[in-house]
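Undergrad: I have a structure here, written as structure tokens, and I will follow up with some questions on it.
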Amino acid sequence: MQIHAHRRTISSNIDMTPMIDVVFQLILFFLVSTTFAVMPGISLNLPESRTAESTTTSGITITADKNGGLWFNDTEVTIKTLGARLAAYDTGGKKKEEIPITLEADSDVTNGTIVSVFDVIRENGYSAVDLRTKEK
């Protein structure tokens, strides 16, 4: 008589579908939530206007905050170096009058600062300036 020894092997299968679903949901959540996080690094309290119109931010953005800081696009400048930045800006073959400039100023910025920025802009040949406000 022969005795056959049968070894029983335990096979374990893990269903990966729920884990893949969860990972896919997490990826979608982070993709969607990061697209809404595109906020400027400068905190401004923009003045309110009942007649505010939407402006495009293509071109140059000049930002003035309530602490006296001044930015040319994302680079901090002073009122003296702003003129040099505007003069060195690559217009891409366009006339300076056609390049849109968006001026973002905190509601606590003095009128004198805004006038000084406008003077520097006009001295460098730019004329298309939009003031960014928020709707009431």
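So you can find residues: chains in the structure tokens are A, B, ... in the order shown, residues in each start at 1, and ligands are numbered from 1 in order.
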What lies within 6 Å of Ile101 in chain A using only C-alpha atoms, ignoring chain neighbours under 4 positions off, as a list in words?
TA: Ile60, Thr61 and Val129 of chain A
Undergrad: For Asn124 in chain A, list every protein, DNA or RNA residue within 7 Å, evaluated using only C-alpha atoms, and leave out those in the same chain fewer than 4 positions away; present the list as a PyMOL selection string.
TA: chain A and resi 83+86-87+120
Undergrad: Using only C-alpha atoms for the distances, tell me which of A:Ala64, A:Ile14, A:Ile99, A:Val77 is nearest to Gly112 in chain A.
TA: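 So, comparing all the options, the nearest one is A:Ala64.
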Undergrad: Taking 4 positions as the minimum chain separation for residues in the same chain, which residues sit within 10 Å of Val109 in chain A when counting only C-alpha atoms? Answer as a list in words.
TA: Asn45, Leu46, Ala64, Asp65, Lys66, Asn67, Gly68, Gly69, Ala105, Thr113 and Ile114 of chain A
Undergrad: I'd like to know which of A:Glu135, A:Asp119, A:Glu104, A:Glu97 is closest to Asn73 in chain A, using only C-alpha atoms.
TA: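 The answer is A:Glu104, which sits nearest to Asn73 in chain A.
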Undergrad: Please identify all polymer residues within 12 Å of Glu98 in chain A, counting only C-alpha atoms, omitting same-chain residues fewer than 5 positions from it, and present them as a VMD selection string.
TA: chain A and resid 58 to 60 91 to 93 125 to 129
Undergrad: With only C-alpha atoms as the atoms that count, which of A:Leu28, A:Tyr89, A:Ser107, A:Thr34 lies nearest to Thr63 in chain A?
TA: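 Checking each of A:Leu28, A:Tyr89, A:Ser107, A:Thr34 against Thr63 in chain A, counting only C-alpha atoms, the winner is A:Ser107.
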